[in-house]
$ cat target.txt   # compact mmCIF, C-alpha atoms
# COMPACT_ATOMS: atom_id res chain seq x y z
CA ASN A 236 45.47 77.54 118.22
CA LYS A 237 47.02 80.66 119.72
CA GLY A 238 44.25 80.89 122.30
CA GLY A 239 45.12 77.52 123.83
CA ALA A 240 42.49 75.34 122.16
CA VAL A 241 43.66 71.92 120.96
CA ALA A 242 41.70 69.99 118.34
CA ALA A 243 42.21 66.26 117.84
CA ALA A 244 40.64 63.29 116.10
CA CYS A 245 41.44 59.58 116.08
CA ARG A 246 40.59 56.71 113.79
CA ALA A 247 36.84 56.19 113.65
CA ALA A 248 35.76 52.73 114.78
CA GLU A 249 33.11 50.69 112.99
CA SER A 250 31.11 50.65 116.23
CA GLN A 251 30.66 54.41 115.94
CA GLN A 252 28.15 53.81 113.12
CA GLY A 253 29.14 56.57 110.75
CA LEU A 254 30.33 59.14 113.27
CA ALA A 255 33.89 60.51 113.40
CA ALA A 256 34.07 63.12 116.13
CA ILE A 257 36.55 65.95 116.66
CA ARG A 258 37.38 66.72 120.28
CA ILE A 259 38.40 70.14 121.58
CA TRP A 260 40.40 70.71 124.77
CA ASP A 261 41.26 73.96 126.51
CA ALA A 262 45.00 73.96 127.37
CA PRO A 263 46.88 74.12 129.69
CA ASP A 264 44.20 72.67 132.01
CA TRP A 265 43.17 70.14 129.35
CA LYS A 266 39.50 70.56 130.08
CA PRO A 267 37.19 69.09 127.43
CA VAL A 268 35.36 71.91 125.67
CA ALA A 269 33.42 70.39 122.79
CA VAL A 270 32.80 67.35 120.62
CA LEU A 271 32.26 68.37 117.00
CA GLU A 272 30.32 66.20 114.56
CA GLY A 273 30.22 66.42 110.80
CA HIS A 274 32.17 63.50 109.34
CA LYS A 275 31.24 59.86 108.80
CA LEU A 276 34.75 58.43 108.46
CA THR A 277 38.16 59.13 110.04
CA VAL A 278 39.23 62.78 110.05
CA THR A 279 42.63 62.97 108.31
CA GLN A 280 43.71 66.56 109.06
CA LEU A 281 42.64 69.60 111.09
CA ALA A 282 43.72 73.22 110.71
CA PHE A 283 42.81 76.42 112.57
CA SER A 284 42.63 79.57 110.43
CA PRO A 285 45.42 82.13 111.08
CA ASP A 286 43.11 84.30 113.21
CA ASP A 287 41.66 81.25 115.02
CA SER A 288 38.12 82.17 113.96
CA HIS A 289 37.57 78.91 112.06
CA LEU A 290 38.54 75.24 112.27
CA LEU A 291 38.83 73.27 109.03
CA SER A 292 38.57 69.47 108.92
CA VAL A 293 38.94 66.97 106.07
CA SER A 294 38.21 63.26 106.08
CA ARG A 295 38.29 59.85 104.48
CA ASP A 296 34.61 60.42 103.69
CA ARG A 297 35.73 62.88 100.93
CA GLY A 298 34.10 65.77 102.73
CA LEU A 299 35.23 68.96 104.44
CA CYS A 300 33.76 70.90 107.35
CA VAL A 301 34.35 74.47 108.52
CA PHE A 302 33.50 75.24 112.15
CA SER A 303 33.27 78.80 113.46
CA CYS A 304 35.15 79.44 116.72
CA ALA A 305 34.24 82.11 119.25
CA ALA A 306 35.93 82.88 122.55
CA VAL A 307 33.47 85.16 124.33
CA GLY A 308 33.78 84.06 127.94
CA ALA A 309 34.27 80.44 126.86
CA LEU A 310 35.25 78.64 123.68
CA ARG A 311 32.28 77.95 121.42
CA PHE A 312 32.30 75.99 118.18
CA GLN A 313 29.55 75.70 115.59
CA LEU A 314 29.38 73.98 112.21
CA LYS A 315 29.38 76.78 109.65
CA CYS A 316 29.36 74.79 106.43
CA LYS A 317 29.94 71.31 105.08
CA VAL A 318 30.80 69.98 101.62
CA GLU A 319 30.03 66.27 101.53
CA LYS A 320 31.77 65.39 98.26
CA ALA A 321 34.50 67.99 98.03
CA HIS A 322 36.72 65.46 96.22
CA GLU A 323 36.23 62.14 94.42
CA ARG A 324 38.44 60.20 96.84
CA ILE A 325 39.97 60.50 100.34
CA ILE A 326 41.10 64.00 101.31
CA TRP A 327 44.51 63.74 102.96
CA ALA A 328 45.55 67.36 103.50
CA CYS A 329 44.38 70.93 104.03
CA SER A 330 45.98 74.33 104.62
CA TRP A 331 44.79 77.93 105.17
CA ALA A 332 46.01 81.03 103.36
CA SER A 333 47.34 83.85 105.54
CA ASP A 334 44.24 85.95 104.84
CA GLY A 335 42.00 83.38 106.55
CA LEU A 336 39.57 83.70 103.62
CA HIS A 337 40.95 80.91 101.43
CA PHE A 338 42.15 77.36 102.00
CA ALA A 339 43.35 74.41 99.93
CA THR A 340 42.58 70.70 100.09
CA GLY A 341 44.48 67.79 98.55
CA SER A 342 43.15 64.34 97.73
CA ARG A 343 43.95 60.86 96.51
CA ASP A 344 41.93 61.83 93.41
CA LYS A 345 45.11 63.63 92.21
CA THR A 346 43.75 67.14 92.62
CA VAL A 347 44.33 70.20 94.77
CA LYS A 348 41.29 72.43 95.23
CA VAL A 349 41.39 76.05 96.36
CA TRP A 350 38.33 77.29 98.23
CA ALA A 351 36.99 80.71 99.22
CA LEU A 352 35.18 81.08 102.54
CA LYS A 353 31.83 82.87 102.17
CA GLU A 354 29.20 83.96 104.71
CA SER A 355 27.72 80.52 105.27
CA THR A 356 29.34 78.36 102.61
CA VAL A 357 32.54 77.79 100.64
CA GLU A 358 33.17 78.12 96.90
CA CYS A 359 35.70 76.17 94.85
CA MET A 360 37.86 78.75 93.07
CA ALA A 361 40.40 76.49 91.33
CA THR A 362 41.33 72.87 90.72
CA VAL A 363 44.94 71.86 90.06
CA THR A 364 45.52 68.38 88.65
CA MET A 365 48.58 66.40 89.75
CA ALA A 366 50.21 63.26 88.35
CA SER A 367 49.58 61.28 91.55
CA GLY A 368 47.57 61.43 94.75
CA VAL A 369 48.08 64.52 96.94
CA THR A 370 49.14 63.75 100.52
CA ALA A 371 50.51 67.03 101.90
CA LEU A 372 49.90 70.78 101.50
CA ASP A 373 51.14 74.02 102.98
CA TRP A 374 50.17 77.55 101.95
CA ALA A 375 53.14 79.88 102.42
CA PRO A 376 52.53 82.55 105.10
CA THR A 377 52.75 86.25 104.27
CA GLY A 378 56.33 87.50 104.25
CA THR A 379 57.86 84.22 103.07
CA HIS A 380 57.29 84.82 99.36
CA PRO A 381 57.18 87.72 96.87
CA ALA A 382 54.66 90.43 97.77
CA GLY A 383 51.32 90.22 95.98
CA THR A 384 51.50 86.47 95.33
CA HIS A 385 50.24 83.24 96.85
CA VAL A 386 52.56 80.20 97.02
CA LEU A 387 51.32 76.67 97.68
CA ALA A 388 53.56 73.65 98.32
CA VAL A 389 52.12 70.27 97.31
CA GLY A 390 53.45 66.80 98.20
CA THR A 391 52.32 63.53 96.59
CA GLU A 392 52.20 59.81 97.28
CA GLU A 393 55.04 59.36 94.76
CA GLY A 394 57.37 61.55 96.86
CA ASP A 395 57.32 64.62 94.61
CA VAL A 396 57.16 68.20 95.93
CA THR A 397 55.77 70.94 93.68
CA LEU A 398 55.36 74.68 94.24
CA PHE A 399 52.53 76.63 92.63
CA GLU A 400 52.06 80.39 92.49
CA ALA A 401 49.02 82.64 92.02
CA SER A 402 49.42 86.36 91.41
CA GLY A 403 47.59 89.14 93.24
CA ALA A 404 44.25 88.52 94.92
CA ASP A 405 43.17 86.10 92.18
CA VAL A 406 43.42 82.52 93.47
CA SER A 407 41.57 81.03 90.49
CA SER A 408 44.72 80.63 88.35
CA TRP A 409 47.85 78.78 89.52
CA GLU A 410 51.17 78.34 87.72
CA GLN A 411 53.74 75.65 88.49
CA ARG A 412 56.99 77.28 89.55
CA VAL A 413 59.20 74.51 90.95
CA ALA A 414 58.95 70.70 90.79
CA VAL A 415 61.20 68.30 92.68
CA SER A 416 61.00 64.68 91.50
CA GLY A 417 63.19 61.67 90.82
CA PRO A 418 66.40 61.17 92.88
CA CYS A 419 66.05 64.57 94.56
CA ALA A 420 62.54 63.87 95.85
CA HIS A 421 61.38 61.55 98.63
CA SER A 422 61.45 57.88 97.69
CA SER A 423 57.90 57.38 99.00
CA THR A 424 54.87 59.32 100.16
CA VAL A 425 55.31 62.90 101.39
CA MET A 426 53.60 63.01 104.79
CA ARG A 427 53.89 66.70 105.75
CA LEU A 428 55.07 70.03 104.36
CA ARG A 429 55.70 73.18 106.37
CA TRP A 430 57.03 76.61 105.41
CA CYS A 431 59.29 78.41 107.86
CA PRO A 432 57.06 81.14 109.38
CA THR A 433 59.81 83.78 109.45
CA PRO A 434 60.41 86.18 106.53
CA GLU A 435 62.86 85.42 103.76
CA GLY A 436 66.48 84.92 104.68
CA GLU A 437 69.77 85.78 103.06
CA GLY A 438 69.65 86.25 99.31
CA GLY A 439 65.84 86.11 99.18
CA CYS A 440 65.81 82.49 100.33
CA ARG A 441 62.71 80.87 101.82
CA GLN A 442 62.78 77.53 103.62
CA LEU A 443 60.36 74.62 103.28
CA ALA A 444 60.47 71.43 105.35
CA SER A 445 59.20 68.08 104.09
CA CYS A 446 59.02 64.66 105.71
CA GLY A 447 58.16 61.38 104.08
CA GLU A 448 57.39 57.72 104.58
CA ASP A 449 61.01 57.12 103.56
CA HIS A 450 61.95 58.23 107.13
CA THR A 451 63.69 61.39 105.97
CA LEU A 452 63.25 65.06 106.84
CA ARG A 453 64.43 67.57 104.28
CA ILE A 454 64.89 71.34 104.46
CA TRP A 455 64.65 73.08 101.11
CA ASP A 456 66.04 76.53 100.30
CA VAL A 457 63.58 78.10 97.85
CA ARG A 458 64.40 81.11 95.67
CA PHE A 459 61.89 82.60 93.25
$ encode --input "target.txt" --output "structure tokens"
Amino acid sequence: NKGGAVAAACRAAESQQGLAAIRIWDAPDWKPVAVLEGHKLTVTQLAFSPDDSHLLSVSRDRGLCVFSCAAVGALRFQLKCKVEKAHERIIWACSWASDGLHFATGSRDKTVKVWALKESTVECMATVTMASGVTALDWAPTGTHPAGTHVLAVGTEEGDVTLFEASGADVSSWEQRVAVSGPCAHSSTVMRLRWCPTPEGEGGCRQLASCGEDHTLRIWDVRF
């Protein structure tokens, strides 16, 4: 995160008996700060919220965890909430909205779920069904899309990339805006998606990067 904390997780071994830990280091000294527990199987992705107040984790165990982060004197992490069966199958991806109050998760069960962070829990606000398993997500940061909207990029195990949009503060209804499939898409699984953090460029163009198991990196110019 921006404060110098680094979160990491590796493949959980069978010898760990149902424990897949997340380790936190304080850079640049690389001092171990915490070991966070909450998952039973390998953690597949981690994401700090934009203001670094929360750490989101998703796992092969189909669950998600949200840890609160405080930096008063020293970094402190605490499990805020946990959803054990957030999806029906492995959760491969997660991404925060710029407001730090919403996040999205994507799963092999062919769904994207949008969640709202509450006082001590999370609430599922929307479920978007895809044609194949979801393997990558990125919520566009503020300033990279039309004002008053939310834009979510979704990548699948078939290599497709789809953009969805929600209007205003309502994240319960999403409309498909752009879909890239066939010869123009990746020939195999999309591994990561990332919006350019800078505001729109010339002609209202936004840029999105995607990389896939087909060993290619692509930069997309997106115009709404």
$ residues_around --input "target.txt" --residues "Ile257 of chain A" --least-positions-apart "4" --cutoff "7 Å" --atoms "only C-alpha atoms" --output "ChimeraX atom specification"
/A:242-244,270-272
$ residues_around --input "target.txt" --residues "Thr277 of chain A" --least-positions-apart "5" --cutoff "12 Å" --atoms "all atoms listed in the file" --output "number ranges by chain"
A: 243-249, 251-257, 272, 292-299, 325-327
$ closest_residue --input "target.txt" --among "A:Pro263, A:His385, A:Asp405, A:Asp395" --to "Gly417 of chain A" --atoms "all atoms listed in the file"
A:Asp395
$ residues_around --input "target.txt" --residues "segment 358-367 of chain A" --least-positions-apart "6" --cutoff "10 Å" --atoms "all atoms listed in the file" --output "ChimeraX atom specification"
/A:318,321,337-352,389-395,397,399,405-411
$ residues_around --input "target.txt" --residues "Asp286 of chain A" --least-positions-apart "3" --cutoff "8 Å" --atoms "only C-alpha atoms" --output "list in words"
Phe283, His289 and Gly335 of chain A
$ closest_residue --input "target.txt" --among "A:Cys316, A:Ser330, A:Trp455, A:Ala371" --to "Cys419 of chain A" --atoms "only C-alpha atoms"
A:Trp455
$ closest_residue --input "target.txt" --among "A:Ser333, A:Thr370, A:Thr451, A:Ser402" --to "Gly383 of chain A" --atoms "all atoms listed in the file"
A:Ser402
$ atom_distance --input "target.txt" --atom1 "atom CA of Lys353 of chain A" --atom2 "atom CA of Val301 of chain A"
10.8 Å
$ closest_residue --input "target.txt" --among "A:Ser445, A:Ser288, A:Thr433, A:Thr384" --to "Val396 of chain A" --atoms "only C-alpha atoms"
A:Ser445
$ atom_distance --input "target.txt" --atom1 "atom CA of Leu290 of chain A" --atom2 "atom CA of Leu314 of chain A"
9.2 Å
$ closest_residue --input "target.txt" --among "A:Arg441, A:Val241, A:Arg458, A:Leu372" --to "Trp260 of chain A" --atoms "all atoms listed in the file"
A:Val241
$ build_atoms --input "target.txt" --residues "segment 267-280 of chain A" --atoms "N, CA and C atoms" --output "mmCIF file, in the coordinates of the input"
data_model
loop_
_atom_site.group_PDB
_atom_site.id
_atom_site.type_symbol
_atom_site.label_atom_id
_atom_site.label_comp_id
_atom_site.auth_asym_id
_atom_site.auth_seq_id
_atom_site.Cartn_x
_atom_site.Cartn_y
_atom_site.Cartn_z
ATOM 1 N N PRO A 267 37.939 69.301 128.674
ATOM 2 C CA PRO A 267 37.190 69.090 127.430
ATOM 3 C C PRO A 267 36.209 70.232 127.200
ATOM 4 N N VAL A 268 36.192 70.757 125.987
ATOM 5 C CA VAL A 268 35.360 71.910 125.670
ATOM 6 C C VAL A 268 34.189 71.517 124.773
ATOM 7 N N ALA A 269 34.467 70.709 123.749
ATOM 8 C CA ALA A 269 33.420 70.390 122.790
ATOM 9 C C ALA A 269 33.730 69.100 122.040
ATOM 10 N N VAL A 270 32.690 68.475 121.542
ATOM 11 C CA VAL A 270 32.800 67.350 120.620
ATOM 12 C C VAL A 270 32.073 67.766 119.345
ATOM 13 N N LEU A 271 32.812 67.866 118.252
ATOM 14 C CA LEU A 271 32.260 68.370 117.000
ATOM 15 C C LEU A 271 31.942 67.211 116.054
ATOM 16 N N GLU A 272 30.752 67.241 115.489
ATOM 17 C CA GLU A 272 30.320 66.200 114.560
ATOM 18 C C GLU A 272 30.139 66.779 113.176
ATOM 19 N N GLY A 273 30.374 65.958 112.174
ATOM 20 C CA GLY A 273 30.220 66.420 110.800
ATOM 21 C C GLY A 273 30.748 65.422 109.778
ATOM 22 N N HIS A 274 31.595 64.494 110.252
ATOM 23 C CA HIS A 274 32.170 63.500 109.340
ATOM 24 C C HIS A 274 31.680 62.093 109.663
ATOM 25 N N LYS A 275 31.681 61.246 108.644
ATOM 26 C CA LYS A 275 31.240 59.860 108.800
ATOM 27 C C LYS A 275 32.412 58.897 108.948
ATOM 28 N N LEU A 276 33.564 59.278 108.390
ATOM 29 C CA LEU A 276 34.750 58.430 108.460
ATOM 30 C C LEU A 276 35.904 59.224 109.073
ATOM 31 N N THR A 277 37.007 58.552 109.338
ATOM 32 C CA THR A 277 38.160 59.130 110.040
ATOM 33 C C THR A 277 38.566 60.503 109.488
ATOM 34 N N VAL A 278 38.738 61.453 110.396
ATOM 35 C CA VAL A 278 39.230 62.780 110.050
ATOM 36 C C VAL A 278 40.741 62.672 109.823
ATOM 37 N N THR A 279 41.217 63.142 108.686
ATOM 38 C CA THR A 279 42.630 62.970 108.310
ATOM 39 C C THR A 279 43.506 64.168 108.654
ATOM 40 N N GLN A 280 42.920 65.378 108.672
ATOM 41 C CA GLN A 280 43.710 66.560 109.060
ATOM 42 C C GLN A 280 42.785 67.658 109.565
#
